[in-house]
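Asker: This is coords.txt, which holds compact mmCIF, C-alpha atoms:
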# COMPACT_ATOMS: atom_id res chain seq x y z
CA MET A 264 108.32 109.56 91.16
CA ASN A 265 105.19 111.68 90.83
CA ASP A 266 103.43 109.73 93.56
CA ILE A 267 106.23 110.33 96.07
CA ILE A 268 105.29 112.92 98.69
CA TYR A 269 108.09 115.33 99.52
CA PHE A 270 108.18 117.01 102.87
CA TYR A 271 110.59 119.91 103.39
CA LEU A 272 112.02 120.88 106.75
CA LYS A 273 114.10 124.03 107.35
CA THR A 274 117.38 123.77 109.15
CA THR A 275 116.34 125.40 112.38
CA ILE A 276 117.00 124.28 115.91
CA PHE A 277 113.24 124.20 116.58
CA VAL A 278 112.38 121.81 113.77
CA LEU A 279 115.34 119.53 114.41
CA GLY A 280 114.37 119.36 118.05
CA LEU A 281 110.80 118.52 117.09
CA LEU A 282 111.83 115.71 114.79
CA SER A 283 114.76 114.07 116.54
CA GLY A 284 114.90 115.38 120.06
CA THR A 285 118.29 117.01 119.41
CA THR A 286 119.40 120.61 119.19
CA SER A 287 122.12 120.25 116.58
CA VAL A 288 121.92 122.02 113.23
CA ALA A 289 122.19 120.02 110.02
CA GLN A 290 121.89 120.58 106.32
CA GLN A 291 118.47 120.85 104.71
CA LYS A 292 116.87 117.50 103.95
CA GLN A 293 113.91 116.16 102.05
CA TYR A 294 111.49 113.82 103.78
CA GLN A 295 108.73 111.51 102.69
CA ILE A 296 105.70 111.52 104.94
CA ARG A 297 102.94 108.95 105.39
CA THR A 298 99.76 109.11 107.47
CA ILE A 299 98.41 106.14 109.44
CA ALA A 300 94.92 106.41 110.95
CA PHE A 301 92.25 104.63 112.97
CA TYR A 302 88.51 105.32 113.08
CA ASN A 303 85.62 103.68 114.92
CA CYS A 304 82.84 104.13 112.34
CA GLU A 305 79.98 103.61 114.85
CA ASN A 306 77.63 101.09 113.31
CA LEU A 307 78.55 101.07 109.64
CA PHE A 308 75.79 98.66 108.66
CA ASP A 309 74.20 97.98 105.29
CA THR A 310 70.41 97.76 104.98
CA LEU A 311 70.17 93.99 104.49
CA ARG A 312 68.99 91.57 107.18
CA ASP A 313 71.63 89.01 108.11
CA PRO A 314 70.04 86.14 110.09
CA LYS A 315 73.40 85.20 111.64
CA ILE A 316 73.73 88.46 113.61
CA TYR A 317 71.62 90.95 115.52
CA ASP A 318 71.25 93.64 112.86
CA GLU A 319 67.45 93.99 112.72
CA GLU A 320 67.48 97.64 113.76
CA TRP A 321 69.76 98.48 110.81
CA THR A 322 67.17 97.60 108.16
CA PRO A 323 64.45 99.70 106.47
CA THR A 324 61.77 98.18 108.71
CA GLY A 325 63.90 98.16 111.87
CA ALA A 326 64.05 100.60 114.76
CA ARG A 327 66.50 102.84 112.91
CA GLY A 328 64.52 102.93 109.70
CA TRP A 329 67.86 102.34 107.99
CA THR A 330 67.08 103.09 104.35
CA LYS A 331 69.31 103.06 101.29
CA GLU A 332 69.49 106.87 101.43
CA LYS A 333 70.62 106.85 105.07
CA TYR A 334 73.19 104.17 104.39
CA GLU A 335 74.63 106.08 101.44
CA GLN A 336 74.85 109.23 103.57
CA LYS A 337 76.70 107.29 106.28
CA ILE A 338 79.17 105.98 103.68
CA ALA A 339 79.68 109.53 102.37
CA ASN A 340 80.26 110.83 105.90
CA ILE A 341 82.87 108.21 106.78
CA ALA A 342 84.60 108.62 103.40
CA ARG A 343 84.86 112.38 103.90
CA VAL A 344 86.51 111.94 107.28
CA LEU A 345 89.02 109.36 106.06
CA ALA A 346 89.94 111.46 103.03
CA GLU A 347 90.73 114.51 105.19
CA ILE A 348 92.67 112.92 108.05
CA GLY A 349 96.19 114.26 108.34
CA ARG A 350 95.90 116.89 105.63
CA GLU A 351 97.48 119.52 107.91
CA GLU A 352 100.93 118.09 107.19
CA ASN A 353 100.36 115.67 104.32
CA PRO A 354 98.29 116.50 101.21
CA ASN A 355 97.65 112.82 100.50
CA MET A 356 95.22 110.45 102.20
CA PRO A 357 96.39 107.92 104.80
CA VAL A 358 98.29 104.91 103.49
CA ILE A 359 96.95 102.68 106.28
CA ILE A 360 93.51 102.98 107.93
CA GLY A 361 92.30 100.74 110.74
CA LEU A 362 88.53 100.59 111.16
CA ALA A 363 86.12 99.32 113.82
CA GLU A 364 82.36 98.72 113.84
CA VAL A 365 81.98 97.69 110.21
CA GLU A 366 79.40 95.03 109.43
CA ASN A 367 80.97 93.17 106.52
CA ARG A 368 83.19 93.38 103.48
CA ALA A 369 80.36 94.78 101.34
CA VAL A 370 80.22 98.05 103.30
CA LEU A 371 83.99 98.36 102.96
CA GLU A 372 83.77 97.90 99.21
CA ASP A 373 81.15 100.64 99.03
CA LEU A 374 83.36 102.84 101.19
CA VAL A 375 86.57 102.57 99.13
CA LEU A 376 84.62 103.13 95.91
CA HIS A 377 83.10 106.37 97.16
CA PRO A 378 84.37 109.33 95.07
CA ALA A 379 86.04 110.89 98.12
CA LEU A 380 88.27 107.81 98.57
CA ARG A 381 88.49 106.28 95.11
CA LYS A 382 91.77 107.96 94.17
CA GLY A 383 93.37 106.43 97.26
CA ASN A 384 93.22 103.04 95.47
CA TYR A 385 92.58 101.18 98.72
CA GLY A 386 92.76 97.46 99.23
CA ILE A 387 90.70 95.76 101.95
CA VAL A 388 91.62 93.28 104.68
CA HIS A 389 88.61 91.94 106.55
CA PHE A 390 87.49 88.79 108.34
CA ASP A 391 84.10 88.13 109.92
CA SER A 392 84.29 88.12 113.72
CA PRO A 393 81.99 86.13 116.03
CA ASP A 394 80.64 89.31 117.65
CA LYS A 395 76.88 88.85 118.06
CA ARG A 396 76.11 92.33 116.75
CA GLY A 397 78.10 91.49 113.65
CA ILE A 398 80.58 94.35 113.97
CA ASP A 399 84.14 93.68 112.84
CA VAL A 400 87.51 95.36 112.52
CA ALA A 401 89.19 95.90 109.16
CA LEU A 402 92.17 97.53 107.51
CA LEU A 403 92.38 99.61 104.35
CA TYR A 404 95.73 100.00 102.63
CA ALA A 405 96.85 102.22 99.75
CA LYS A 406 97.88 99.70 97.10
CA ASP A 407 100.23 102.25 95.52
CA HIS A 408 102.32 102.25 98.71
CA PHE A 409 101.67 99.05 100.66
CA ILE A 410 102.21 95.49 99.45
CA LEU A 411 100.13 93.00 101.45
CA GLU A 412 102.08 89.88 102.43
CA HIS A 413 100.09 88.34 105.30
CA ALA A 414 96.75 88.73 107.07
CA SER A 415 95.29 86.69 109.92
CA GLN A 416 92.59 86.96 112.57
CA HIS A 417 93.25 86.12 116.21
CA ALA A 418 90.30 85.11 118.37
CA LEU A 419 89.82 86.38 121.90
CA TYR A 420 88.33 83.67 124.10
CA LEU A 421 86.34 85.08 127.00
CA TYR A 422 83.97 83.23 129.30
CA ASP A 423 81.19 84.30 131.65
CA GLN A 424 82.72 84.11 135.13
CA LYS A 425 79.27 84.01 136.73
CA ARG A 426 78.84 80.42 135.51
CA PRO A 427 81.86 78.49 136.85
CA THR A 428 80.24 75.11 136.23
CA HIS A 429 79.10 75.92 132.72
CA ARG A 430 81.62 78.05 130.88
CA LYS A 431 79.64 80.18 128.45
CA ARG A 432 81.75 81.99 125.88
CA ILE A 433 81.43 85.75 125.46
CA TYR A 434 81.75 86.45 121.75
CA THR A 435 83.65 89.56 120.81
CA ARG A 436 85.81 90.97 118.03
CA ASP A 437 88.88 89.15 116.74
CA GLN A 438 92.17 91.01 116.47
CA LEU A 439 93.42 91.54 112.92
CA LEU A 440 97.10 91.22 112.03
CA VAL A 441 98.28 92.59 108.68
CA SER A 442 101.91 92.44 107.51
CA GLY A 443 103.51 93.81 104.38
CA LEU A 444 105.85 96.35 102.84
CA LEU A 445 105.24 100.08 103.23
CA ASP A 446 107.17 101.62 100.36
CA GLY A 447 109.54 98.66 100.53
CA GLU A 448 109.95 98.47 104.33
CA ALA A 449 108.52 95.61 106.38
CA MET A 450 105.76 96.66 108.74
CA HIS A 451 103.03 95.01 110.83
CA PHE A 452 99.64 96.40 111.86
CA ILE A 453 97.20 95.05 114.45
CA VAL A 454 93.63 96.37 114.48
CA ASN A 455 91.65 96.04 117.73
CA HIS A 456 88.22 96.63 119.18
CA TRP A 457 88.44 95.44 122.76
CA PRO A 458 85.43 94.41 124.90
CA SER A 459 83.13 97.17 126.08
CA ARG A 460 82.54 98.51 129.58
CA VAL A 461 79.06 96.99 129.88
CA GLY A 462 78.53 96.20 133.54
CA GLY A 463 80.92 98.94 134.64
CA GLN A 464 84.58 99.75 134.11
CA LYS A 465 85.92 97.78 137.07
CA ARG A 466 83.80 94.69 136.55
CA SER A 467 84.54 94.50 132.82
CA SER A 468 88.26 95.34 133.09
CA PRO A 469 89.42 91.67 133.11
CA ASN A 470 87.99 91.26 129.61
CA ARG A 471 90.06 94.13 128.25
CA GLU A 472 93.11 92.91 130.14
CA ALA A 473 92.63 89.58 128.37
CA ALA A 474 92.43 91.43 125.05
CA ALA A 475 95.64 93.27 125.91
CA ALA A 476 97.34 89.97 126.77
CA LEU A 477 96.36 88.55 123.36
CA ASN A 478 97.66 91.72 121.69
CA LYS A 479 100.94 91.42 123.59
CA ARG A 480 101.33 87.77 122.53
CA ILE A 481 100.91 88.75 118.88
CA ILE A 482 103.52 91.50 119.24
CA ASP A 483 105.91 89.21 121.13
CA SER A 484 105.59 86.49 118.47
CA ILE A 485 106.67 88.96 115.78
CA GLN A 486 109.53 90.34 117.85
CA ALA A 487 110.74 86.82 118.61
CA ILE A 488 111.54 86.53 114.90
CA HIS A 489 112.78 90.09 114.40
CA THR A 490 113.65 92.16 117.46
CA GLN A 491 113.55 95.41 115.48
CA ALA A 492 110.18 94.72 113.88
CA LYS A 493 108.11 97.83 113.20
CA ILE A 494 104.69 97.08 114.66
CA ILE A 495 101.73 99.41 115.10
CA THR A 496 98.78 98.27 117.18
CA MET A 497 95.71 100.48 116.94
CA GLY A 498 92.06 100.47 117.79
CA ASP A 499 89.19 101.28 120.09
CA LEU A 500 90.51 99.77 123.30
CA ASN A 501 87.55 100.83 125.48
CA ASP A 502 90.24 101.83 127.98
CA GLY A 503 92.37 104.93 128.26
CA PRO A 504 96.16 105.15 128.02
CA MET A 505 96.56 104.96 131.83
CA ASP A 506 94.30 101.94 132.42
CA ALA A 507 95.72 98.58 133.49
CA SER A 508 95.17 96.89 130.14
CA VAL A 509 97.42 99.41 128.42
CA LYS A 510 99.95 100.36 131.11
CA LYS A 511 100.37 97.04 132.94
CA ILE A 512 99.63 94.42 130.29
CA LEU A 513 101.00 96.12 127.17
CA GLN A 514 103.53 97.97 129.36
CA THR A 515 103.42 101.15 127.30
CA GLU A 516 105.45 104.29 127.91
CA GLY A 517 104.19 107.78 127.19
CA GLU A 518 107.63 109.34 126.76
CA ALA A 519 109.71 108.20 123.80
CA THR A 520 112.99 108.48 125.71
CA LYS A 521 111.78 105.97 128.33
CA VAL A 522 110.78 103.21 125.91
CA PRO A 523 113.11 100.20 126.31
CA PRO A 524 114.30 98.07 123.38
CA MET A 525 111.35 96.10 122.00
CA GLY A 526 109.06 98.19 124.23
CA LEU A 527 105.89 100.05 123.24
CA PHE A 528 105.44 103.81 122.88
CA ASN A 529 101.96 105.30 123.30
CA PRO A 530 101.81 108.87 121.96
CA MET A 531 98.17 109.11 123.03
CA GLU A 532 99.20 109.16 126.69
CA LYS A 533 100.53 112.71 126.43
CA LEU A 534 97.32 113.85 124.72
CA ALA A 535 95.22 112.23 127.45
CA LYS A 536 97.22 113.92 130.21
CA ALA A 537 96.68 117.25 128.44
CA GLY A 538 92.92 116.75 128.66
CA TYR A 539 92.15 115.74 125.09
CA GLY A 540 89.73 112.94 124.22
CA THR A 541 88.28 110.90 121.40
CA LEU A 542 84.92 110.37 123.10
CA ALA A 543 82.98 111.73 126.05
CA TYR A 544 80.51 110.34 128.56
CA ARG A 545 78.72 112.72 130.94
CA ASP A 546 81.24 115.40 130.01
CA ALA A 547 84.18 113.20 131.02
CA TRP A 548 86.61 112.82 128.12
CA ASP A 549 88.91 109.87 127.50
CA ILE A 550 91.05 108.48 124.70
CA PHE A 551 89.82 104.97 123.95
CA ASP A 552 91.08 105.22 120.36
CA GLN A 553 94.82 104.72 120.40
CA ILE A 554 97.77 104.05 118.10
CA ILE A 555 100.73 102.40 119.84
CA LEU A 556 104.06 101.56 118.20
CA THR A 557 107.22 99.61 118.90
CA GLN A 558 110.51 101.18 119.90
CA ALA A 559 111.89 100.43 116.42
CA PHE A 560 110.03 103.53 115.17
CA LEU A 561 112.05 105.75 117.53
CA GLN A 562 115.50 105.32 116.03
CA GLU A 563 117.83 108.32 115.70
CA GLU A 564 118.16 108.36 111.94
CA TYR A 565 115.53 108.89 109.25
CA THR A 566 116.98 106.33 106.84
CA THR A 567 113.88 104.18 107.48
CA TRP A 568 110.35 105.08 108.55
CA LYS A 569 110.36 106.90 111.87
CA TYR A 570 107.56 108.17 114.10
CA TRP A 571 107.03 111.92 113.95
CA LYS A 572 103.87 112.92 115.81
CA ALA A 573 100.29 111.86 116.57
CA ASN A 574 97.00 113.69 116.95
CA ILE A 575 93.22 113.49 117.17
CA PHE A 576 91.22 114.47 114.08
CA GLN A 577 88.61 116.92 115.33
CA LYS A 578 87.54 119.17 112.47
CA PRO A 579 84.37 121.26 113.06
CA PHE A 580 82.26 119.26 110.60
CA ILE A 581 82.40 116.15 112.84
CA VAL A 582 81.70 118.04 116.08
CA GLN A 583 78.29 118.78 117.61
CA SER A 584 77.86 122.54 117.30
CA GLU A 585 74.92 123.06 119.65
CA GLY A 586 72.71 121.53 122.31
CA VAL A 587 73.61 119.61 125.47
CA TYR A 588 76.20 117.59 123.55
CA GLN A 589 77.97 120.59 122.05
CA GLY A 590 81.62 119.70 121.46
CA TYR A 591 80.96 115.95 121.37
CA PRO A 592 81.53 113.86 118.24
CA LEU A 593 78.64 114.31 115.79
CA ARG A 594 77.02 110.87 115.90
CA ASN A 595 73.69 109.56 114.56
CA SER A 596 70.71 111.46 115.94
CA ASN A 597 66.96 111.33 115.39
CA ASN A 598 67.56 108.26 113.21
CA GLU A 599 69.64 110.37 110.84
CA PRO A 600 73.16 109.29 109.90
CA GLY A 601 75.93 111.25 111.53
CA PHE A 602 79.63 110.47 111.58
CA SER A 603 80.60 108.60 114.76
CA ASP A 604 80.58 108.85 118.53
CA HIS A 605 84.40 108.71 118.37
CA PHE A 606 86.96 111.07 116.88
CA PRO A 607 89.61 109.40 114.69
CA VAL A 608 93.27 109.29 115.64
CA TYR A 609 96.31 109.37 113.39
CA LEU A 610 100.07 109.62 113.29
CA TYR A 611 102.78 110.50 110.79
CA VAL A 612 105.93 108.58 109.94
CA LEU A 613 108.85 110.22 108.13
CA ARG A 614 111.76 108.97 106.06
CA ALA A 615 114.68 110.90 104.58
CA TRP A 616 114.74 110.97 100.82
Can I see the file as structure tokens?
Answerer:
Amino acid sequence: MNDIIYFYLKTTIFVLGLLSGTTSVAQQKQYQIRTIAFYNCENLFDTLRDPKIYDEEWTPTGARGWTKEKYEQKIANIARVLAEIGREENPNMPVIIGLAEVENRAVLEDLVLHPALRKGNYGIVHFDSPDKRGIDVALLYAKDHFILEHASQHALYLYDQKRPTHRKRIYTRDQLLVSGLLDGEAMHFIVNHWPSRVGGQKRSSPNREAAAALNKRIIDSIQAIHTQAKIITMGDLNDGPMDASVKKILQTEGEATKVPPMGLFNPMEKLAKAGYGTLAYRDAWDIFDQIILTQAFLQEEYTTWKYWKANIFQKPFIVQSEGVYQGYPLRNSNNEPGFSDHFPVYLYVLRAW
């Protein structure tokens, strides 16, 4: 029982409206709360040369001068962020963490063993992707709360449209599906890092729409077995909540009350419309990092895990405090390890206890 997190809510109209969208008054209840997060780590590479990928710059003799000391500082930086996500409402670390831009399993093992994260007792799910830079997606799970039952990687097949007579494959990140029991309740997580905007947003959009179509097929295949499956798809989509890949292919809704049965709710849409962002380019902010969930998380009762709220983690220590990029994410600079060029995102789920 000591590891159960209790969350107390007062019986006020305001709080009940916040949690359930109603204005009725009920008796005081106890709630469990869990945090689920995603973070693009921006080039979490070790210092070793891997001849199978393009990682030369992330070595001691490479362009980045990536030494053991710099690597250890990068690990410490990422660990600090992950350990603090969601602490405003939940004193414990996230139970599920999706990650992007990690080189291999070895860097993940170093990460979960860092003192800042060690007490989280995290397990690792990782597969090598065919991405030429060698960056992968991964998932960390708190073994005290999540029982892993299934993990699989799903390849995205893209081809260079400029060569119709010789179809050359564009290698990118696989999508990672992880299924298991979160405190006894079945749940599924998909971790994404969709193709970049190299060549321009419009020209590269078909690649992300293809990634969205693959993501939708994975979700549909789960819902075909269980219509009320609780599925969370998260990642760096390289598109915002209003772009075609998200709105037209995934068919997300930004308002919980408009989500149809088996539909997808995107809480990041409201944040984007309010002007918030997870990354910036030429002072234009967007939310590429998103956590999207199925309608099954929006049920009326709190007898099972239910969505509460989502946010962007933007504490001062990961924000540029001066210079032309003041306010931007504090990324690597002058060959020194920073945090990332993205802010993490997270959400809470609640359950009555």
Asker: Within 7 Å of A:Tyr404, counting all atoms listed in the file, which residues qualify if same-chain residues fewer than 4 places away don't, as a PyMOL selection string?
Answerer: chain A and resi 358-360+385-387+409
Asker: State, in Å with one decimal place, the distance from atom CA of A:Met450 to atom CA of A:Pro607.
Answerer: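 The value is 21.4 Å.
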Asker: Would you kindly return, as a PyMOL selection string, each protein, DNA or RNA residue with an atom no farther than 9 Å from any atom of A:Trp457, considering all atoms listed in the file and excluding same-chain residues fewer than 4 positions away?
Answerer: chain A and resi 435-438+470-471+474-475+498-502
Asker: For A:Trp568, find every residue with an atom within 8 Å (counting only C-alpha atoms), except residues of its own chain fewer than 3 positions away, and show them as a ChimeraX atom specification.
Answerer: /A:448,560,565,612-614
Asker: From the list A:Glu347, A:His389, A:Gly517, A:Gly397, which residue is nearest A:Asp309 when using only C-alpha atoms?
Answerer: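 Of A:Glu347, A:His389, A:Gly517, A:Gly397, the one nearest A:Asp309, counting only C-alpha atoms, is A:Gly397.
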Asker: Show me, as a list in words, the residues that have an atom within 9 Å of A:Gln514 when counting all atoms listed in the file, minus same-chain residues fewer than 5 positions from it.
Answerer: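 The neighbour list is Ala507, Ser508, Val509, Gly526, Leu527 and Phe528 of chain A.
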Asker: Please compute the atom CA of A:Lys337-atom CA of A:Val388 distance, one decimal, in Å.
Answerer: 20.5 Å
Asker: Which distance in Å separates atom CA of A:Ala473 and atom CA of A:His417, to one decimal?
Answerer: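 The value is 12.7 Å.
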Asker: Neighbours of A:Arg466 within 12 Å (only C-alpha atoms; same-chain residues fewer than 5 positions away dropped), as a count of residues only?
Answerer: 9
Asker: Would you please work out which residue, of A:Leu561, A:Glu585, A:Gly463, A:His377, is nearest to A:Ala346 when using only C-alpha atoms?
Answerer: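 The shortest atom-to-atom distance to A:Ala346 comes from A:His377.
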